Amino acid sequence: MAIKTDINCDLGEGMGNDAQLMPFLGSCNIACGGHFGDSKTMETAIQLAKKYHVNVGAHPSFPDKENFGRKIIDISRDELHQSLVKQIAGFKTICNQNNAVMHHIKLHGALYNLAANDAEVAAVVLNAFAKVQADIKIYVPYNSAIAMLAEDYFPIVYEAFADRSYKADLLLVSRDKPNAIIRDKQKAWEQIKSIIETSKVATIDGQLVTIKADTFCVHGDNDNALEILQYIHQCF
């Protein structure tokens, strides 16, 4: 394809494959202590991204390492705000210490999905982002609550997923469903190609729903992440 687009991946999450995946990425989202990570893992991932000229972003989440940030936890709005500011500010500090620029912020897991659907939570999230860096790019899903709230205040980068299945409301199929994760490289590429060429994604119930994306995510914890990324790279 003549069209070029950004491919991103969630890294610094202890999967052990960051170095293999990094050469195929334009940007990466690095866990910053909420669901995984500490100053050492952040620094290692940032240095690796610098080696391959990959843009680095903060990947904050609910402060819940026990569940890898993939469950909604009972936390006050103020506690959530404080945790996000701590995670992102800490990541930005480590970027500065390593002569790297924090390029963007992308939420992780349950918080990503919740902020896409809950305007109140999205507002808390955006206030935390603005407290650390008001002009930061944010990776958000198309037509989501967080995207609509942010559009007048932040540079928005629409994100879609190469390796996750969609419902008709553009929310992701829950990971506990058997068809939630796309592991086949051809299917992952076909999903990207459809979104780029037609601005449509095929949902699990067979609909074609309008969607826009400037960047596509492949999850680092997908068993076939490397194979998918290599194939996507060849197709472009």
# chains A, B, ... in the order shown; residues from 1 in each chain; ligands from 1
>>> residues_around(residues="A:Gly109", least_positions_apart="5", cutoff="9 Å", atoms="only C-alpha atoms", output="PyMOL selection string")
chain A and resi 35+61-62+68-71+114
>>> write_last_selection(atoms="N, CA and C atoms", output="mmCIF file, in the first residue's frame")
data_model
loop_
_atom_site.group_PDB
_atom_site.id
_atom_site.type_symbol
_atom_site.label_atom_id
_atom_site.label_comp_id
_atom_site.auth_asym_id
_atom_site.auth_seq_id
_atom_site.Cartn_x
_atom_site.Cartn_y
_atom_site.Cartn_z
ATOM 1 N N HIS A 35 -0.158 -0.397 36.216
ATOM 2 C CA HIS A 35 -0.446 -1.832 36.063
ATOM 3 C C HIS A 35 0.824 -2.667 36.031
ATOM 4 N N SER A 61 -2.561 3.699 33.953
ATOM 5 C CA SER A 61 -3.736 2.842 34.140
ATOM 6 C C SER A 61 -4.274 3.028 35.550
ATOM 7 N N PHE A 62 -5.321 2.289 35.855
ATOM 8 C CA PHE A 62 -5.698 2.158 37.259
ATOM 9 C C PHE A 62 -4.477 1.644 38.033
ATOM 10 N N PHE A 68 -3.223 -6.372 36.557
ATOM 11 C CA PHE A 68 -2.607 -5.840 35.343
ATOM 12 C C PHE A 68 -3.445 -4.712 34.731
ATOM 13 N N GLY A 69 -4.161 -3.991 35.589
ATOM 14 C CA GLY A 69 -4.938 -2.843 35.122
ATOM 15 C C GLY A 69 -6.118 -3.214 34.251
ATOM 16 N N ARG A 70 -6.541 -4.455 34.288
ATOM 17 C CA ARG A 70 -7.596 -4.906 33.372
ATOM 18 C C ARG A 70 -8.949 -5.090 34.058
ATOM 19 N N LYS A 71 -9.068 -4.577 35.279
ATOM 20 C CA LYS A 71 -10.358 -4.562 35.961
ATOM 21 C C LYS A 71 -10.631 -3.155 36.475
ATOM 22 N N LEU A 114 -13.056 2.406 29.997
ATOM 23 C CA LEU A 114 -13.995 3.182 30.801
ATOM 24 C C LEU A 114 -14.044 4.642 30.350
#
>>> select_by_dssp(residues="chain A", states="helix (DSSP H, G or I)", output="VMD selection string")
chain A and resid 18 to 24 39 to 51 77 to 97 109 to 117 119 to 132 145 to 150 185 to 198 225 to 235
>>> closest_residue(among="A:Asp78, A:Asp18, A:Asp152, A:Glu66", to="A:Ala128", atoms="only C-alpha atoms")
A:Asp78
>>> residues_around(residues="A:Trp189", least_positions_apart="2", cutoff="8 Å", atoms="only C-alpha atoms", output="ChimeraX atom specification")
/A:162,185-187,191-193,228,231-232,235
>>> atom_distance(atom1="atom CA of A:Asn98", atom2="atom CA of A:Val56")
11.7 Å
>>> residues_around(residues="A:Leu21", least_positions_apart="2", cutoff="12 Å", atoms="only C-alpha atoms", output="number ranges by chain")
A: 7-12, 15-19, 23-28, 45, 48-49, 52, 54, 218-222, 224-230, 233
>>> select_by_dssp(residues="stretch 187-220 of chain A", states="strand (DSSP E or B)", output="list in words")
Lys200, Val201, Ala202, Leu208, Val209, Thr210, Thr215, Phe216 and Cys217 of chain A
>>> write_last_selection(atoms="C-alpha atoms", output="short mmCIF file (atom, residue, chain, number, x, y, z; two decimals), in the first residue's frame")
data_model
loop_
_atom_site.label_atom_id
_atom_site.label_comp_id
_atom_site.auth_asym_id
_atom_site.auth_seq_id
_atom_site.Cartn_x
_atom_site.Cartn_y
_atom_site.Cartn_z
CA LYS A 200 -15.01 0.85 8.28
CA VAL A 201 -14.38 -2.04 10.62
CA ALA A 202 -16.17 -5.40 10.57
CA LEU A 208 -19.49 -2.55 9.01
CA VAL A 209 -19.14 0.43 11.34
CA THR A 210 -17.48 3.77 10.62
CA THR A 215 -2.36 4.76 14.60
CA PHE A 216 -2.95 1.03 15.02
CA CYS A 217 -2.09 -0.98 18.12
#
>>> closest_residue(among="A:Pro141, A:Val121, A:Lys177, A:Val101", to="A:Ile72", atoms="only C-alpha atoms")
A:Val121
>>> closest_residue(among="A:Val140, A:Ile211, A:Leu170, A:Met42", to="A:Lys106", atoms="only C-alpha atoms")
A:Val140
>>> decode(residues="stretch 9-47 of chain A", atoms="N, CA and C atoms", output="PDB file, in the first residue's frame")
ATOM      1  N   CYS A   9       2.601  -0.098  20.011  1.00  0.00           N
ATOM      2  CA  CYS A   9       2.560  -1.306  20.826  1.00  0.00           C
ATOM      3  C   CYS A   9       2.730  -0.928  22.290  1.00  0.00           C
ATOM      4  N   ASP A  10       2.040  -1.638  23.178  1.00  0.00           N
ATOM      5  CA  ASP A  10       2.185  -1.440  24.613  1.00  0.00           C
ATOM      6  C   ASP A  10       3.396  -2.245  25.083  1.00  0.00           C
ATOM      7  N   LEU A  11       4.400  -1.554  25.608  1.00  0.00           N
ATOM      8  CA  LEU A  11       5.653  -2.202  25.979  1.00  0.00           C
ATOM      9  C   LEU A  11       6.044  -1.864  27.423  1.00  0.00           C
ATOM     10  N   GLY A  12       7.193  -2.365  27.838  1.00  0.00           N
ATOM     11  CA  GLY A  12       7.640  -2.156  29.208  1.00  0.00           C
ATOM     12  C   GLY A  12       6.728  -2.842  30.205  1.00  0.00           C
ATOM     13  N   GLU A  13       6.124  -3.975  29.768  1.00  0.00           N
ATOM     14  CA  GLU A  13       5.155  -4.673  30.604  1.00  0.00           C
ATOM     15  C   GLU A  13       5.649  -6.050  31.058  1.00  0.00           C
ATOM     16  N   GLY A  14       6.953  -6.275  30.944  1.00  0.00           N
ATOM     17  CA  GLY A  14       7.529  -7.508  31.448  1.00  0.00           C
ATOM     18  C   GLY A  14       7.342  -8.722  30.571  1.00  0.00           C
ATOM     19  N   MET A  15       7.005  -8.519  29.303  1.00  0.00           N
ATOM     20  CA  MET A  15       6.763  -9.651  28.407  1.00  0.00           C
ATOM     21  C   MET A  15       8.050 -10.243  27.837  1.00  0.00           C
ATOM     22  N   GLY A  16       9.130  -9.493  27.924  1.00  0.00           N
ATOM     23  CA  GLY A  16      10.417 -10.001  27.462  1.00  0.00           C
ATOM     24  C   GLY A  16      10.641  -9.927  25.967  1.00  0.00           C
ATOM     25  N   ASN A  17       9.722  -9.270  25.241  1.00  0.00           N
ATOM     26  CA  ASN A  17       9.854  -9.242  23.777  1.00  0.00           C
ATOM     27  C   ASN A  17       9.996  -7.829  23.216  1.00  0.00           C
ATOM     28  N   ASP A  18      10.231  -6.855  24.071  1.00  0.00           N
ATOM     29  CA  ASP A  18      10.309  -5.462  23.610  1.00  0.00           C
ATOM     30  C   ASP A  18      11.346  -5.281  22.506  1.00  0.00           C
ATOM     31  N   ALA A  19      12.516  -5.864  22.684  1.00  0.00           N
ATOM     32  CA  ALA A  19      13.599  -5.685  21.706  1.00  0.00           C
ATOM     33  C   ALA A  19      13.247  -6.299  20.353  1.00  0.00           C
ATOM     34  N   GLN A  20      12.464  -7.372  20.355  1.00  0.00           N
ATOM     35  CA  GLN A  20      12.045  -7.999  19.099  1.00  0.00           C
ATOM     36  C   GLN A  20      10.995  -7.148  18.372  1.00  0.00           C
ATOM     37  N   LEU A  21      10.103  -6.544  19.135  1.00  0.00           N
ATOM     38  CA  LEU A  21       8.987  -5.813  18.539  1.00  0.00           C
ATOM     39  C   LEU A  21       9.359  -4.405  18.093  1.00  0.00           C
ATOM     40  N   MET A  22      10.265  -3.779  18.803  1.00  0.00           N
ATOM     41  CA  MET A  22      10.561  -2.356  18.608  1.00  0.00           C
ATOM     42  C   MET A  22      10.919  -1.980  17.163  1.00  0.00           C
ATOM     43  N   PRO A  23      11.675  -2.802  16.418  1.00  0.00           N
ATOM     44  CA  PRO A  23      12.050  -2.397  15.056  1.00  0.00           C
ATOM     45  C   PRO A  23      10.864  -2.215  14.107  1.00  0.00           C
ATOM     46  N   PHE A  24       9.694  -2.720  14.469  1.00  0.00           N
ATOM     47  CA  PHE A  24       8.539  -2.664  13.573  1.00  0.00           C
ATOM     48  C   PHE A  24       7.528  -1.589  13.976  1.00  0.00           C
ATOM     49  N   LEU A  25       7.914  -0.715  14.911  1.00  0.00           N
ATOM     50  CA  LEU A  25       6.984   0.264  15.475  1.00  0.00           C
ATOM     51  C   LEU A  25       7.327   1.687  15.096  1.00  0.00           C
ATOM     52  N   GLY A  26       6.296   2.525  15.062  1.00  0.00           N
ATOM     53  CA  GLY A  26       6.493   3.968  14.933  1.00  0.00           C
ATOM     54  C   GLY A  26       6.402   4.644  16.277  1.00  0.00           C
ATOM     55  N   SER A  27       5.599   4.056  17.184  1.00  0.00           N
ATOM     56  CA  SER A  27       5.462   4.599  18.531  1.00  0.00           C
ATOM     57  C   SER A  27       5.189   3.460  19.497  1.00  0.00           C
ATOM     58  N   CYS A  28       5.452   3.722  20.762  1.00  0.00           N
ATOM     59  CA  CYS A  28       5.191   2.715  21.785  1.00  0.00           C
ATOM     60  C   CYS A  28       4.634   3.383  23.031  1.00  0.00           C
ATOM     61  N   ASN A  29       3.921   2.600  23.809  1.00  0.00           N
ATOM     62  CA  ASN A  29       3.276   3.074  25.027  1.00  0.00           C
ATOM     63  C   ASN A  29       3.882   2.296  26.186  1.00  0.00           C
ATOM     64  N   ILE A  30       4.555   2.988  27.071  1.00  0.00           N
ATOM     65  CA  ILE A  30       5.375   2.330  28.082  1.00  0.00           C
ATOM     66  C   ILE A  30       4.690   2.384  29.446  1.00  0.00           C
ATOM     67  N   ALA A  31       4.498   1.199  30.033  1.00  0.00           N
ATOM     68  CA  ALA A  31       3.866   1.099  31.352  1.00  0.00           C
ATOM     69  C   ALA A  31       4.629   1.956  32.360  1.00  0.00           C
ATOM     70  N   CYS A  32       3.882   2.738  33.126  1.00  0.00           N
ATOM     71  CA  CYS A  32       4.553   3.695  34.015  1.00  0.00           C
ATOM     72  C   CYS A  32       4.135   3.531  35.477  1.00  0.00           C
ATOM     73  N   GLY A  33       3.976   2.274  35.884  1.00  0.00           N
ATOM     74  CA  GLY A  33       3.841   1.990  37.303  1.00  0.00           C
ATOM     75  C   GLY A  33       2.452   1.686  37.803  1.00  0.00           C
ATOM     76  N   GLY A  34       1.425   1.936  37.001  1.00  0.00           N
ATOM     77  CA  GLY A  34       0.069   1.667  37.456  1.00  0.00           C
ATOM     78  C   GLY A  34      -0.270   0.189  37.410  1.00  0.00           C
ATOM     79  N   HIS A  35      -0.158  -0.397  36.216  1.00  0.00           N
ATOM     80  CA  HIS A  35      -0.446  -1.832  36.063  1.00  0.00           C
ATOM     81  C   HIS A  35       0.824  -2.667  36.031  1.00  0.00           C
ATOM     82  N   PHE A  36       1.940  -1.993  35.716  1.00  0.00           N
ATOM     83  CA  PHE A  36       3.238  -2.667  35.678  1.00  0.00           C
ATOM     84  C   PHE A  36       4.313  -1.586  35.605  1.00  0.00           C
ATOM     85  N   GLY A  37       5.502  -1.950  36.063  1.00  0.00           N
ATOM     86  CA  GLY A  37       6.658  -1.104  35.797  1.00  0.00           C
ATOM     87  C   GLY A  37       7.161  -0.284  36.961  1.00  0.00           C
ATOM     88  N   ASP A  38       8.427   0.115  36.821  1.00  0.00           N
ATOM     89  CA  ASP A  38       9.085   1.002  37.773  1.00  0.00           C
ATOM     90  C   ASP A  38      10.096   1.832  36.988  1.00  0.00           C
ATOM     91  N   SER A  39      10.881   2.611  37.671  1.00  0.00           N
ATOM     92  CA  SER A  39      11.810   3.511  36.988  1.00  0.00           C
ATOM     93  C   SER A  39      12.802   2.741  36.117  1.00  0.00           C
ATOM     94  N   LYS A  40      13.193   1.556  36.557  1.00  0.00           N
ATOM     95  CA  LYS A  40      14.160   0.767  35.789  1.00  0.00           C
ATOM     96  C   LYS A  40      13.550   0.243  34.493  1.00  0.00           C
ATOM     97  N   THR A  41      12.328  -0.312  34.567  1.00  0.00           N
ATOM     98  CA  THR A  41      11.710  -0.849  33.349  1.00  0.00           C
ATOM     99  C   THR A  41      11.377   0.280  32.373  1.00  0.00           C
ATOM    100  N   MET A  42      10.982   1.435  32.906  1.00  0.00           N
ATOM    101  CA  MET A  42      10.691   2.581  32.037  1.00  0.00           C
ATOM    102  C   MET A  42      11.952   3.046  31.322  1.00  0.00           C
ATOM    103  N   GLU A  43      13.036   3.149  32.058  1.00  0.00           N
ATOM    104  CA  GLU A  43      14.292   3.607  31.458  1.00  0.00           C
ATOM    105  C   GLU A  43      14.781   2.631  30.388  1.00  0.00           C
ATOM    106  N   THR A  44      14.682   1.345  30.666  1.00  0.00           N
ATOM    107  CA  THR A  44      15.109   0.332  29.698  1.00  0.00           C
ATOM    108  C   THR A  44      14.311   0.445  28.404  1.00  0.00           C
ATOM    109  N   ALA A  45      12.991   0.592  28.526  1.00  0.00           N
ATOM    110  CA  ALA A  45      12.143   0.697  27.343  1.00  0.00           C
ATOM    111  C   ALA A  45      12.398   1.999  26.581  1.00  0.00           C
ATOM    112  N   ILE A  46      12.614   3.074  27.299  1.00  0.00           N
ATOM    113  CA  ILE A  46      12.886   4.365  26.649  1.00  0.00           C
ATOM    114  C   ILE A  46      14.192   4.302  25.866  1.00  0.00           C
ATOM    115  N   GLN A  47      15.221   3.722  26.459  1.00  0.00           N
ATOM    116  CA  GLN A  47      16.510   3.608  25.784  1.00  0.00           C
ATOM    117  C   GLN A  47      16.399   2.729  24.534  1.00  0.00           C
TER     118      GLN A  47
END
